[in-house]
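Pasting query.cif here (mmCIF, C-alpha atoms and all ligand atoms):
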data_final
#
loop_
_atom_site.group_PDB
_atom_site.id
_atom_site.type_symbol
_atom_site.label_atom_id
_atom_site.label_comp_id
_atom_site.auth_asym_id
_atom_site.auth_seq_id
_atom_site.Cartn_x
_atom_site.Cartn_y
_atom_site.Cartn_z
ATOM 1 C CA MET A 1 -4.684 6.392 -23.265
ATOM 2 C CA ASP A 2 -7.186 8.759 -21.587
ATOM 3 C CA ILE A 3 -5.619 8.778 -18.130
ATOM 4 C CA GLN A 4 -8.085 11.262 -16.629
ATOM 5 C CA ASN A 5 -11.027 9.143 -17.692
ATOM 6 C CA LEU A 6 -9.380 6.042 -16.255
ATOM 7 C CA LEU A 7 -8.729 7.706 -12.884
ATOM 8 C CA ASP A 8 -12.345 8.913 -12.723
ATOM 9 C CA ASP A 9 -13.485 5.332 -13.418
ATOM 10 C CA ILE A 10 -11.196 3.950 -10.716
ATOM 11 C CA VAL A 11 -12.646 6.354 -8.127
ATOM 12 C CA GLY A 12 -16.089 4.890 -8.837
ATOM 13 C CA ALA A 13 -14.859 1.295 -8.928
ATOM 14 C CA VAL A 14 -13.122 1.334 -5.530
ATOM 15 C CA GLU A 15 -15.696 3.435 -3.701
ATOM 16 C CA PRO A 16 -17.283 0.486 -1.820
ATOM 17 C CA LEU A 17 -13.808 -0.619 -0.644
ATOM 18 C CA THR A 18 -13.036 2.729 0.979
ATOM 19 C CA LEU A 19 -15.148 1.693 3.963
ATOM 20 C CA GLN A 20 -13.163 -1.517 4.454
ATOM 21 C CA GLY A 21 -10.095 -1.976 6.652
ATOM 22 C CA ASP A 22 -9.126 -0.068 9.771
ATOM 23 C CA VAL A 23 -7.319 3.206 10.329
ATOM 24 C CA ALA A 24 -3.971 2.914 12.122
ATOM 25 C CA ASP A 25 -4.987 3.569 15.728
ATOM 26 C CA TYR A 26 -1.624 2.596 17.266
ATOM 27 C CA ILE A 27 -0.675 6.185 16.404
ATOM 28 C CA PRO A 28 -3.564 8.078 18.052
ATOM 29 C CA GLY A 29 -3.039 11.101 15.782
ATOM 30 C CA LEU A 30 -4.051 8.932 12.802
ATOM 31 C CA ALA A 31 -7.080 7.307 14.448
ATOM 32 C CA SER A 32 -9.441 10.229 13.791
ATOM 33 C CA VAL A 33 -8.981 10.208 9.990
ATOM 34 C CA GLY A 34 -12.318 9.176 8.464
ATOM 35 C CA LEU A 35 -12.799 6.090 6.274
ATOM 36 C CA GLY A 36 -14.632 6.621 2.987
ATOM 37 C CA GLN A 37 -11.977 8.855 1.424
ATOM 38 C CA PHE A 38 -9.987 8.010 -1.709
ATOM 39 C CA GLY A 39 -7.625 9.938 -3.956
ATOM 40 C CA ILE A 40 -5.439 9.008 -6.923
ATOM 41 C CA SER A 41 -2.857 10.930 -8.976
ATOM 42 C CA VAL A 42 -0.532 10.161 -11.847
ATOM 43 C CA ALA A 43 2.557 12.267 -12.601
ATOM 44 C CA THR A 44 4.147 11.487 -15.951
ATOM 45 C CA ARG A 45 7.832 11.682 -16.740
ATOM 46 C CA ASN A 46 7.087 14.818 -18.792
ATOM 47 C CA GLY A 47 5.515 16.555 -15.803
ATOM 48 C CA ASP A 48 1.828 16.151 -16.651
ATOM 49 C CA VAL A 49 -0.381 15.443 -13.623
ATOM 50 C CA PHE A 50 -3.800 13.773 -13.576
ATOM 51 C CA SER A 51 -5.836 13.502 -10.374
ATOM 52 C CA ALA A 52 -9.232 12.264 -9.215
ATOM 53 C CA GLY A 53 -11.220 11.875 -5.999
ATOM 54 C CA ASP A 54 -9.692 13.285 -2.812
ATOM 55 C CA ALA A 55 -6.319 13.762 -4.487
ATOM 56 C CA ASP A 56 -5.729 17.179 -2.939
ATOM 57 C CA VAL A 57 -6.395 16.210 0.693
ATOM 58 C CA PRO A 58 -3.131 16.055 2.676
ATOM 59 C CA PHE A 59 -2.475 12.848 4.622
ATOM 60 C CA SER A 60 0.329 11.514 6.798
ATOM 61 C CA ILE A 61 2.867 9.846 4.498
ATOM 62 C CA GLN A 62 4.379 7.744 7.331
ATOM 63 C CA SER A 63 6.519 4.933 5.888
ATOM 64 C CA ILE A 64 6.463 6.395 2.384
ATOM 65 C CA SER A 65 8.970 8.905 3.782
ATOM 66 C CA LYS A 66 11.453 6.002 4.035
ATOM 67 C CA VAL A 67 11.868 6.041 0.242
ATOM 68 C CA PHE A 68 12.871 9.704 0.239
ATOM 69 C CA ALA A 69 15.259 9.248 3.178
ATOM 70 C CA LEU A 70 16.898 6.302 1.402
ATOM 71 C CA ALA A 71 17.187 8.307 -1.825
ATOM 72 C CA LEU A 72 18.950 11.137 0.031
ATOM 73 C CA VAL A 73 21.350 8.731 1.754
ATOM 74 C CA LEU A 74 22.220 6.956 -1.504
ATOM 75 C CA ALA A 75 22.614 10.334 -3.229
ATOM 76 C CA GLY A 76 24.864 11.750 -0.512
ATOM 77 C CA ASP A 77 26.724 8.697 0.686
ATOM 78 C CA GLY A 78 26.692 6.097 -2.096
ATOM 79 C CA ASP A 79 26.483 2.391 -1.264
ATOM 80 C CA ARG A 80 27.899 2.620 2.276
ATOM 81 C CA ILE A 81 24.466 2.152 3.855
ATOM 82 C CA TRP A 82 24.331 -1.460 2.602
ATOM 83 C CA ARG A 83 26.960 -2.451 5.174
ATOM 84 C CA ARG A 84 24.404 -1.643 7.876
ATOM 85 C CA VAL A 85 21.140 -2.848 6.366
ATOM 86 C CA PHE A 86 20.239 -5.815 4.139
ATOM 87 C CA ARG A 87 17.898 -5.650 1.166
ATOM 88 C CA GLU A 88 15.867 -8.829 1.476
ATOM 89 C CA PRO A 89 12.116 -8.983 2.103
ATOM 90 C CA SER A 90 11.440 -9.652 5.764
ATOM 91 C CA GLY A 91 8.207 -11.651 5.571
ATOM 92 C CA ASN A 92 7.456 -10.097 8.956
ATOM 93 C CA PRO A 93 5.385 -7.107 10.077
ATOM 94 C CA PHE A 94 7.048 -3.717 9.580
ATOM 95 C CA ASN A 95 7.597 -3.185 13.298
ATOM 96 C CA SER A 96 8.731 -6.707 14.228
ATOM 97 C CA LEU A 97 11.501 -7.059 16.798
ATOM 98 C CA VAL A 98 12.416 -10.747 16.567
ATOM 99 C CA GLN A 99 14.351 -10.849 13.291
ATOM 100 C CA LEU A 100 16.736 -8.123 14.418
ATOM 101 C CA GLU A 101 18.186 -10.279 17.182
ATOM 102 C CA HIS A 102 18.545 -13.351 14.984
ATOM 103 C CA GLU A 103 20.431 -11.264 12.435
ATOM 104 C CA ASP A 104 22.773 -9.527 14.883
ATOM 105 C CA GLY A 105 21.336 -6.032 14.625
ATOM 106 C CA ILE A 106 21.418 -5.740 10.811
ATOM 107 C CA PRO A 107 17.836 -4.998 9.665
ATOM 108 C CA ARG A 108 16.464 -7.033 6.767
ATOM 109 C CA ASN A 109 15.752 -4.015 4.568
ATOM 110 C CA PRO A 110 15.571 -0.202 4.663
ATOM 111 C CA PHE A 111 11.755 -0.087 4.685
ATOM 112 C CA ILE A 112 10.928 -2.046 7.850
ATOM 113 C CA ASN A 113 11.098 0.273 10.839
ATOM 114 C CA ALA A 114 14.466 -1.056 12.065
ATOM 115 C CA GLY A 115 16.073 -0.504 8.660
ATOM 116 C CA ALA A 116 14.512 2.938 8.288
ATOM 117 C CA LEU A 117 15.916 3.944 11.679
ATOM 118 C CA VAL A 118 19.400 3.051 10.394
ATOM 119 C CA VAL A 119 18.829 5.067 7.192
ATOM 120 C CA THR A 120 17.566 8.079 9.148
ATOM 121 C CA ASP A 121 20.560 7.745 11.478
ATOM 122 C CA ARG A 122 22.883 7.949 8.480
ATOM 123 C CA LEU A 123 20.939 10.899 7.053
ATOM 124 C CA LEU A 124 21.410 12.663 10.399
ATOM 125 C CA SER A 125 25.158 12.057 10.094
ATOM 126 C CA ILE A 126 25.471 13.392 6.553
ATOM 127 C CA SER A 127 22.981 16.294 6.712
ATOM 128 C CA ALA A 128 22.370 18.723 9.535
ATOM 129 C CA ASN A 129 18.722 17.790 10.066
ATOM 130 C CA ALA A 130 17.193 14.629 8.611
ATOM 131 C CA PRO A 131 13.477 15.538 8.581
ATOM 132 C CA THR A 132 14.245 18.965 7.129
ATOM 133 C CA ALA A 133 16.320 17.338 4.391
ATOM 134 C CA VAL A 134 13.386 15.092 3.432
ATOM 135 C CA ARG A 135 10.931 17.990 3.667
ATOM 136 C CA GLU A 136 13.098 20.188 1.431
ATOM 137 C CA LEU A 137 13.305 17.444 -1.199
ATOM 138 C CA LEU A 138 9.489 17.129 -1.170
ATOM 139 C CA ARG A 139 9.009 20.899 -1.378
ATOM 140 C CA GLN A 140 11.478 21.248 -4.232
ATOM 141 C CA GLU A 141 10.093 18.384 -6.303
ATOM 142 C CA THR A 142 6.467 19.519 -5.884
ATOM 143 C CA GLY A 143 6.999 23.277 -5.860
ATOM 144 C CA ASN A 144 4.743 23.314 -2.797
ATOM 145 C CA PRO A 145 6.382 25.261 0.076
ATOM 146 C CA SER A 146 3.582 24.417 2.512
ATOM 147 C CA ILE A 147 4.526 20.714 2.856
ATOM 148 C CA ASP A 148 5.383 20.126 6.501
ATOM 149 C CA SER A 149 5.470 17.649 9.346
ATOM 150 C CA ASP A 150 2.200 17.379 11.327
ATOM 151 C CA ALA A 151 3.177 18.199 14.910
ATOM 152 C CA ASP A 152 0.128 16.456 16.438
ATOM 153 C CA VAL A 153 0.837 13.211 14.594
ATOM 154 C CA ALA A 154 4.514 13.387 15.567
ATOM 155 C CA ARG A 155 3.688 14.058 19.223
ATOM 156 C CA SER A 156 1.218 11.216 19.425
ATOM 157 C CA GLU A 157 3.624 8.767 17.778
ATOM 158 C CA ALA A 158 6.384 9.842 20.169
ATOM 159 C CA ALA A 159 4.085 9.252 23.139
ATOM 160 C CA HIS A 160 3.192 5.724 21.959
ATOM 161 C CA GLY A 161 6.461 4.743 20.302
ATOM 162 C CA HIS A 162 7.601 1.934 22.580
ATOM 163 C CA ARG A 163 8.244 -0.465 19.718
ATOM 164 C CA ASN A 164 10.387 1.935 17.723
ATOM 165 C CA SER A 165 12.233 2.918 20.909
ATOM 166 C CA SER A 166 12.942 -0.767 21.528
ATOM 167 C CA LEU A 167 14.189 -1.221 17.966
ATOM 168 C CA ALA A 168 16.431 1.843 18.207
ATOM 169 C CA HIS A 169 17.953 0.774 21.537
ATOM 170 C CA PHE A 170 18.441 -2.706 20.145
ATOM 171 C CA LEU A 171 20.243 -1.295 17.097
ATOM 172 C CA ALA A 172 22.400 0.820 19.390
ATOM 173 C CA SER A 173 23.274 -2.252 21.471
ATOM 174 C CA TYR A 174 24.698 -3.829 18.294
ATOM 175 C CA GLY A 175 26.626 -0.644 17.475
ATOM 176 C CA ASN A 176 24.396 0.008 14.452
ATOM 177 C CA LEU A 177 23.503 3.622 15.286
ATOM 178 C CA GLU A 178 25.897 6.546 14.952
ATOM 179 C CA ASN A 179 23.749 9.150 16.704
ATOM 180 C CA PRO A 180 22.033 9.145 20.109
ATOM 181 C CA VAL A 181 18.887 6.991 20.197
ATOM 182 C CA GLU A 182 16.603 9.897 21.159
ATOM 183 C CA GLU A 183 17.836 12.020 18.240
ATOM 184 C CA VAL A 184 17.314 9.219 15.743
ATOM 185 C CA LEU A 185 13.807 8.534 17.047
ATOM 186 C CA GLU A 186 12.831 12.188 16.924
ATOM 187 C CA ALA A 187 14.109 12.574 13.369
ATOM 188 C CA TYR A 188 12.387 9.351 12.262
ATOM 189 C CA ILE A 189 9.047 10.336 13.820
ATOM 190 C CA ASN A 190 9.107 13.837 12.310
ATOM 191 C CA GLN A 191 9.977 12.401 8.924
ATOM 192 C CA CYS A 192 7.059 9.934 9.129
ATOM 193 C CA ALA A 193 4.681 12.762 10.182
ATOM 194 C CA LEU A 194 5.235 14.710 6.956
ATOM 195 C CA ALA A 195 1.863 15.358 5.346
ATOM 196 C CA MET A 196 1.082 15.794 1.665
ATOM 197 C CA SER A 197 -1.609 15.118 -0.934
ATOM 198 C CA CYS A 198 -1.686 12.410 -3.611
ATOM 199 C CA THR A 199 -0.932 15.033 -6.249
ATOM 200 C CA ASP A 200 2.163 16.191 -4.374
ATOM 201 C CA LEU A 201 3.240 12.624 -3.603
ATOM 202 C CA ALA A 202 3.105 11.640 -7.276
ATOM 203 C CA LEU A 203 5.172 14.711 -8.189
ATOM 204 C CA ALA A 204 7.656 14.263 -5.323
ATOM 205 C CA SER A 205 8.474 10.694 -6.347
ATOM 206 C CA ARG A 206 8.711 11.362 -10.072
ATOM 207 C CA PHE A 207 12.521 11.033 -9.938
ATOM 208 C CA LEU A 208 11.932 7.282 -9.500
ATOM 209 C CA ALA A 209 10.285 7.195 -12.944
ATOM 210 C CA THR A 210 12.896 9.388 -14.667
ATOM 211 C CA ASN A 211 16.146 7.518 -13.957
ATOM 212 C CA GLY A 212 16.804 9.768 -10.966
ATOM 213 C CA ARG A 213 16.251 13.107 -12.711
ATOM 214 C CA ARG A 214 14.748 15.861 -10.566
ATOM 215 C CA SER A 215 12.064 18.341 -11.609
ATOM 216 C CA ASN A 216 14.752 21.017 -12.206
ATOM 217 C CA GLY A 217 16.591 18.732 -14.653
ATOM 218 C CA THR A 218 19.524 17.863 -12.358
ATOM 219 C CA SER A 219 20.163 14.301 -11.161
ATOM 220 C CA LEU A 220 19.297 13.193 -7.628
ATOM 221 C CA LEU A 221 20.277 9.586 -8.334
ATOM 222 C CA SER A 222 22.065 7.757 -11.114
ATOM 223 C CA PRO A 223 19.957 5.465 -13.310
ATOM 224 C CA LEU A 224 21.587 2.511 -11.500
ATOM 225 C CA GLN A 225 20.700 3.855 -8.034
ATOM 226 C CA THR A 226 17.145 4.499 -9.227
ATOM 227 C CA LYS A 227 16.909 0.927 -10.462
ATOM 228 C CA ARG A 228 18.130 -0.294 -7.064
ATOM 229 C CA ILE A 229 15.555 1.721 -5.082
ATOM 230 C CA ASN A 230 12.736 0.548 -7.331
ATOM 231 C CA ALA A 231 13.895 -3.052 -6.873
ATOM 232 C CA VAL A 232 13.858 -2.738 -3.074
ATOM 233 C CA MET A 233 10.406 -1.132 -3.251
ATOM 234 C CA LEU A 234 9.159 -4.059 -5.311
ATOM 235 C CA THR A 235 10.494 -6.698 -2.922
ATOM 236 C CA CYS A 236 10.143 -4.901 0.440
ATOM 237 C CA GLY A 237 7.948 -1.802 0.028
ATOM 238 C CA THR A 238 4.707 -3.352 1.233
ATOM 239 C CA TYR A 239 6.231 -5.557 3.962
ATOM 240 C CA ASP A 240 4.847 -9.037 4.471
ATOM 241 C CA ALA A 241 2.337 -8.340 1.685
ATOM 242 C CA ALA A 242 5.025 -7.566 -0.931
ATOM 243 C CA GLY A 243 4.335 -10.852 -2.745
ATOM 244 C CA GLU A 244 0.610 -10.137 -2.926
ATOM 245 C CA PHE A 245 1.294 -6.546 -4.037
ATOM 246 C CA ALA A 246 3.582 -7.764 -6.847
ATOM 247 C CA TYR A 247 0.954 -10.335 -7.838
ATOM 248 C CA ARG A 248 -1.881 -7.824 -7.953
ATOM 249 C CA VAL A 249 -0.187 -4.563 -8.992
ATOM 250 C CA GLY A 250 3.139 -5.625 -10.517
ATOM 251 C CA LEU A 251 4.999 -2.386 -9.766
ATOM 252 C CA PRO A 252 7.555 -1.132 -7.251
ATOM 253 C CA GLY A 253 5.484 0.427 -4.463
ATOM 254 C CA LYS A 254 5.775 1.888 -0.987
ATOM 255 C CA SER A 255 2.932 2.090 1.504
ATOM 256 C CA GLY A 256 2.396 4.004 4.730
ATOM 257 C CA VAL A 257 0.005 3.475 7.631
ATOM 258 C CA GLY A 258 -1.586 6.852 6.827
ATOM 259 C CA GLY A 259 -3.207 4.955 3.916
ATOM 260 C CA GLY A 260 -1.009 6.267 1.115
ATOM 261 C CA ILE A 261 0.861 4.185 -1.471
ATOM 262 C CA VAL A 262 3.171 5.376 -4.213
ATOM 263 C CA ALA A 263 3.890 3.090 -7.170
ATOM 264 C CA VAL A 264 6.413 3.575 -9.974
ATOM 265 C CA VAL A 265 6.058 2.712 -13.651
ATOM 266 C CA PRO A 266 9.751 3.027 -14.599
ATOM 267 C CA ASN A 267 10.460 5.505 -17.403
ATOM 268 C CA ASN A 268 6.789 6.397 -17.565
ATOM 269 C CA CYS A 269 5.020 7.784 -14.466
ATOM 270 C CA THR A 270 4.350 7.574 -10.762
ATOM 271 C CA VAL A 271 0.923 6.695 -9.379
ATOM 272 C CA SER A 272 -0.096 7.688 -5.866
ATOM 273 C CA VAL A 273 -3.231 6.583 -4.039
ATOM 274 C CA TRP A 274 -4.656 7.351 -0.617
ATOM 275 C CA SER A 275 -7.460 5.767 1.351
ATOM 276 C CA PRO A 276 -7.089 5.382 5.126
ATOM 277 C CA GLY A 277 -8.601 1.898 5.658
ATOM 278 C CA LEU A 278 -5.710 -0.585 6.063
ATOM 279 C CA GLY A 279 -5.540 -4.349 5.624
ATOM 280 C CA ARG A 280 -3.677 -6.684 8.008
ATOM 281 C CA SER A 281 -0.181 -5.802 6.756
ATOM 282 C CA GLY A 282 -0.728 -2.038 6.985
ATOM 283 C CA ASN A 283 -1.458 -1.350 3.313
ATOM 284 C CA SER A 284 -4.498 0.629 2.110
ATOM 285 C CA VAL A 285 -7.278 -1.766 1.005
ATOM 286 C CA ALA A 286 -8.821 0.561 -1.596
ATOM 287 C CA GLY A 287 -5.357 1.830 -2.567
ATOM 288 C CA VAL A 288 -4.073 -1.632 -3.529
ATOM 289 C CA ALA A 289 -7.313 -2.377 -5.404
ATOM 290 C CA ALA A 290 -7.020 0.907 -7.304
ATOM 291 C CA LEU A 291 -3.429 0.197 -8.341
ATOM 292 C CA ASP A 292 -4.469 -3.317 -9.401
ATOM 293 C CA GLU A 293 -7.182 -1.758 -11.584
ATOM 294 C CA PHE A 294 -4.730 0.833 -12.931
ATOM 295 C CA THR A 295 -2.106 -1.665 -14.116
ATOM 296 C CA THR A 296 -4.722 -4.122 -15.370
ATOM 297 C CA ARG A 297 -6.441 -1.467 -17.503
ATOM 298 C CA THR A 298 -3.266 0.270 -18.774
ATOM 299 C CA GLY A 299 -1.046 -2.797 -19.095
ATOM 300 C CA TRP A 300 1.620 -0.704 -17.319
ATOM 301 C CA SER A 301 2.970 -3.275 -14.905
ATOM 302 C CA ILE A 302 6.615 -4.316 -15.115
ATOM 303 C CA PHE A 303 5.507 -7.902 -15.804
HETATM 304 O O1 LIG B 401 7.079 3.733 12.742
HETATM 305 C C1 LIG B 401 5.897 3.521 12.505
HETATM 306 O O2 LIG B 401 5.317 2.555 12.955
HETATM 307 C C2 LIG B 401 5.165 4.513 11.626
HETATM 308 N N1 LIG B 401 5.676 5.826 11.832
HETATM 309 C C3 LIG B 401 5.310 4.159 10.171
HETATM 310 C C4 LIG B 401 4.845 2.767 9.838
HETATM 311 C C5 LIG B 401 4.307 2.620 8.468
HETATM 312 O O3 LIG B 401 3.831 3.542 7.855
HETATM 313 C C6 LIG B 401 4.261 1.245 7.935
HETATM 314 N N2 LIG B 401 3.610 1.201 6.641
HETATM 315 N N3 LIG B 401 2.735 0.594 6.177
#

Take the structure I supplied and represent it as structure tokens, if you would.
Amino acid sequence: MDIQNLLDDIVGAVEPLTLQGDVADYIPGLASVGLGQFGISVATRNGDVFSAGDADVPFSIQSISKVFALALVLAGDGDRIWRRVFREPSGNPFNSLVQLEHEDGIPRNPFINAGALVVTDRLLSISANAPTAVRELLRQETGNPSIDSDADVARSEAAHGHRNSSLAHFLASYGNLENPVEEVLEAYINQCALAMSCTDLALASRFLATNGRRSNGTSLLSPLQTKRINAVMLTCGTYDAAGEFAYRVGLPGKSGVGGGIVAVVPNNCTVSVWSPGLGRSGNSVAGVAALDEFTTRTGWSIF
């Protein structure tokens, strides 16, 4: 398999789609990112990296950070988090409020905003500083010490974060937050504002394709925990489009409203894509098409 050749082909194939969709303007700091950009990277379980297009342009990882926060909580705290958050697909938008009341303050899964707030809350309880813990994991796995949270993006999300504030207060009203609402929101927003390139994202998530093994050879997660995270990514990682994503791509994946998606081919590689134009459910239009092309041409879907 000539992976480099394939990635170069995919860049050409999805180019017309990079002008489709809309950037996420509900976070003003993301609204100025230009359409027409696309990057793709593959990091293999052996540590080889292949990249094409705008793969070295940093972007806001947003909800993709929820995977790393969950990994750190499972690594540090075992299965306890599952008493406070379910792991079923929500079928609702990622920032929906309604389901949380019907289900008595237990979010449907750790990747919708309500569930991610609970995970970040737990990370705050078990580590001194949640966004720093996520950032350190990303820096260590990539070897890139310049990965950081984008202060402008964080500030603009904080200034327009009424929905997440509502969700956090709602969780607190059900007793499902351990830390003060403002601290949880700040940690969550800073974690979402972490910026990195496709190349770094593929490297940072490689532990999901290596049974939990980190780049330095130690284990972040057990093979069982890694299987669990990949399963939740498959069923919940792309929100109310998770069925369509499984149908088209056939891999565990996690999207963010910055236009990034990371997908995992278990025991083989991670594939990251970035293109800022989003479809209705908040997933990158060109990114999903590129992953569809990737699994169709390689045969590397889990189905
Ligand atoms: O909380 C939010 O709304 C954003 N910080 C993250 C949302 C997101 O990336 C959803 N993904 N597609």

Open item on the list: Could you check the closest approach to A:Leu138 for each of A:Ile261, A:Ala204, A:Val271, A:Val57 and tell me which residue wins, using only C-alpha atoms?
Closed with: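 That would be A:Ala204, the residue with the smallest distance to A:Leu138.
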
Counting all atoms listed in the file, which residues in chain A sit no more than 9 Å from ligand LIG 401 (chain B)? For each one, give the nearest pair of atoms and the distance in Å, sorted by chain then residue number, as CSV.
residue,atom,partner,partner_atom,distance
A:Ala24,CA,B:LIG401,O3,8.9
A:Tyr26,CA,B:LIG401,O2,8.2
A:Ile27,CA,B:LIG401,C2,7.7
A:Ser60,CA,B:LIG401,O3,8.8
A:Ile61,CA,B:LIG401,O3,7.2
A:Gln62,CA,B:LIG401,O3,4.3
A:Ser63,CA,B:LIG401,O3,3.6
A:Ile64,CA,B:LIG401,O3,6.7
A:Ser65,CA,B:LIG401,O3,8.5
A:Lys66,CA,B:LIG401,O3,8.9
A:Pro93,CA,B:LIG401,C6,8.7
A:Phe94,CA,B:LIG401,C6,5.9
A:Asn95,CA,B:LIG401,O2,6.2
A:Phe111,CA,B:LIG401,C6,8.3
A:Ile112,CA,B:LIG401,C6,7.4
A:Asn113,CA,B:LIG401,O1,5.6
A:Ala114,CA,B:LIG401,O1,8.8
A:Ala116,CA,B:LIG401,O1,8.7
A:Leu117,CA,B:LIG401,O1,8.9
A:Ala154,CA,B:LIG401,N1,8.5
A:Glu157,CA,B:LIG401,N1,6.9
A:Gly161,CA,B:LIG401,O1,7.7
A:Arg163,CA,B:LIG401,O2,8.0
A:Asn164,CA,B:LIG401,O1,6.2
A:Tyr188,CA,B:LIG401,N1,7.6
A:Ile189,CA,B:LIG401,N1,6.0
A:Asn190,CA,B:LIG401,N1,8.7
A:Gln191,CA,B:LIG401,N1,8.4
A:Cys192,CA,B:LIG401,N1,5.1
A:Ala193,CA,B:LIG401,N1,7.2
A:Gly237,CA,B:LIG401,N3,8.4
A:Thr238,CA,B:LIG401,N3,6.6
A:Tyr239,CA,B:LIG401,N3,7.4
A:Lys254,CA,B:LIG401,N3,7.9
A:Ser255,CA,B:LIG401,N3,4.9
A:Gly256,CA,B:LIG401,O3,3.5
A:Val257,CA,B:LIG401,O3,3.8
A:Gly258,CA,B:LIG401,O3,6.4
A:Gly259,CA,B:LIG401,N3,7.7
A:Gly260,CA,B:LIG401,N3,8.5
A:Ile261,CA,B:LIG401,N3,8.7
A:Leu278,CA,B:LIG401,N3,8.5
A:Ser281,CA,B:LIG401,N3,7.1
A:Gly282,CA,B:LIG401,N3,4.4
A:Asn283,CA,B:LIG401,N3,5.4
A:Ser284,CA,B:LIG401,N3,8.3

- [ ] Run the PyMOL selection byres (((chain A and resi 68) around 12) and not hetatm) against the file shown and list the residues it catches, as a count of residues only.
- [x] 49

- [ ] Considering only C-alpha atoms, state which residue in the set A:Asn92, A:Thr270, A:Gln4, A:Thr298 is at the smallest distance from A:Cys198.
- [x]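 Ranked by minimum distance to A:Cys198, first place goes to A:Thr270.
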
Open item on the list: Since I can't run it myself right now, could you work out what the PyMOL selection byres (((chain A and resi 277) around 6) and not hetatm) selects here and report it as a list in words?
Closed with: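 Here the PyMOL selection byres (((chain A and resi 277) around 6) and not hetatm) matches Gln20, Gly21, Asp22, Val23, Leu35, Ser275, Pro276, Leu278 and Ser284 of chain A.
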
TODO: For stretch 38-53 of chain A, work out the shell of residues within 9 Å, counting all atoms listed in the file and skipping chain neighbours fewer than 5 positions away, then give it as a PyMOL selection string.
DONE: chain A and resi 3-4+7-8+10-12+14-15+18+197-203+205-207+209-210+215+267-276+286-287+290

Task: atom CA of A:Ile302 to atom CA of A:Arg248, distance in Å rounded to a single decimal - done: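 One can read the atom CA of A:Ile302 to atom CA of A:Arg248 distance as 11.7 Å.
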
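You will find atom CA of A:Ser173 at 29.9 Å from atom CA of A:Ala231.
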
Would you mind listing what lies within 9 Å of A:Gly91 as a short mmCIF file (atom, residue, chain, number, x, y, z; two decimals) with C-alpha atoms, keeping the file's coordinate frame, with only C-alpha atoms counted and same-chain residues fewer than 4 positions away left out?
data_model
loop_
_atom_site.label_atom_id
_atom_site.label_comp_id
_atom_site.auth_asym_id
_atom_site.auth_seq_id
_atom_site.Cartn_x
_atom_site.Cartn_y
_atom_site.Cartn_z
CA CYS A 236 10.14 -4.90 0.44
CA TYR A 239 6.23 -5.56 3.96
CA ASP A 240 4.85 -9.04 4.47
CA ALA A 241 2.34 -8.34 1.68
CA ALA A 242 5.03 -7.57 -0.93
#

Task: Gap from atom CA of A:Leu251 to atom CA of A:Asp25 - Å, one decimal - done: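 So the answer is 28.0 Å.
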
Taking all listed atoms of stretch 206-213 of chain A, build the axis-aligned box, pad each of the six sides by 8 Å, then write its centre and edge lengths in Å to one decimal as JSON.
{"center_x": 12.8, "center_y": 10.2, "center_z": -12.1, "size_x": 24.1, "size_y": 21.9, "size_z": 21.2}

- [ ] Using only C-alpha atoms, find the one residue out of A:Pro145, A:Pro266, A:Gly250, A:Pro58 that sits nearest to A:Thr295.
- [x]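 With only C-alpha atoms as the atom set, the closest residue is A:Gly250.
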
Task: For A:Met196, the nearest of the candidates A:Pro16, A:Thr142, A:Asn109, A:Leu97, counting all atoms listed in the file - done: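 Looking at the shortest contact to A:Met196, the residue is A:Thr142.
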
Open item on the list: From the options A:Asn5, A:Ser222, A:Ile147, A:Ala13, which residue's atoms come nearest to A:Ala195, counting all atoms listed in the file?
Closed with: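 Between A:Asn5, A:Ser222, A:Ile147, A:Ala13, the residue approaching A:Ala195 most closely is A:Ile147.
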
Task: Of the listed residues A:Phe170, A:Val264, A:Glu182, A:Asp121, that which approaches A:Asp104 most closely, counting all atoms listed in the file - done: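 The closest residue to A:Asp104 is A:Phe170.
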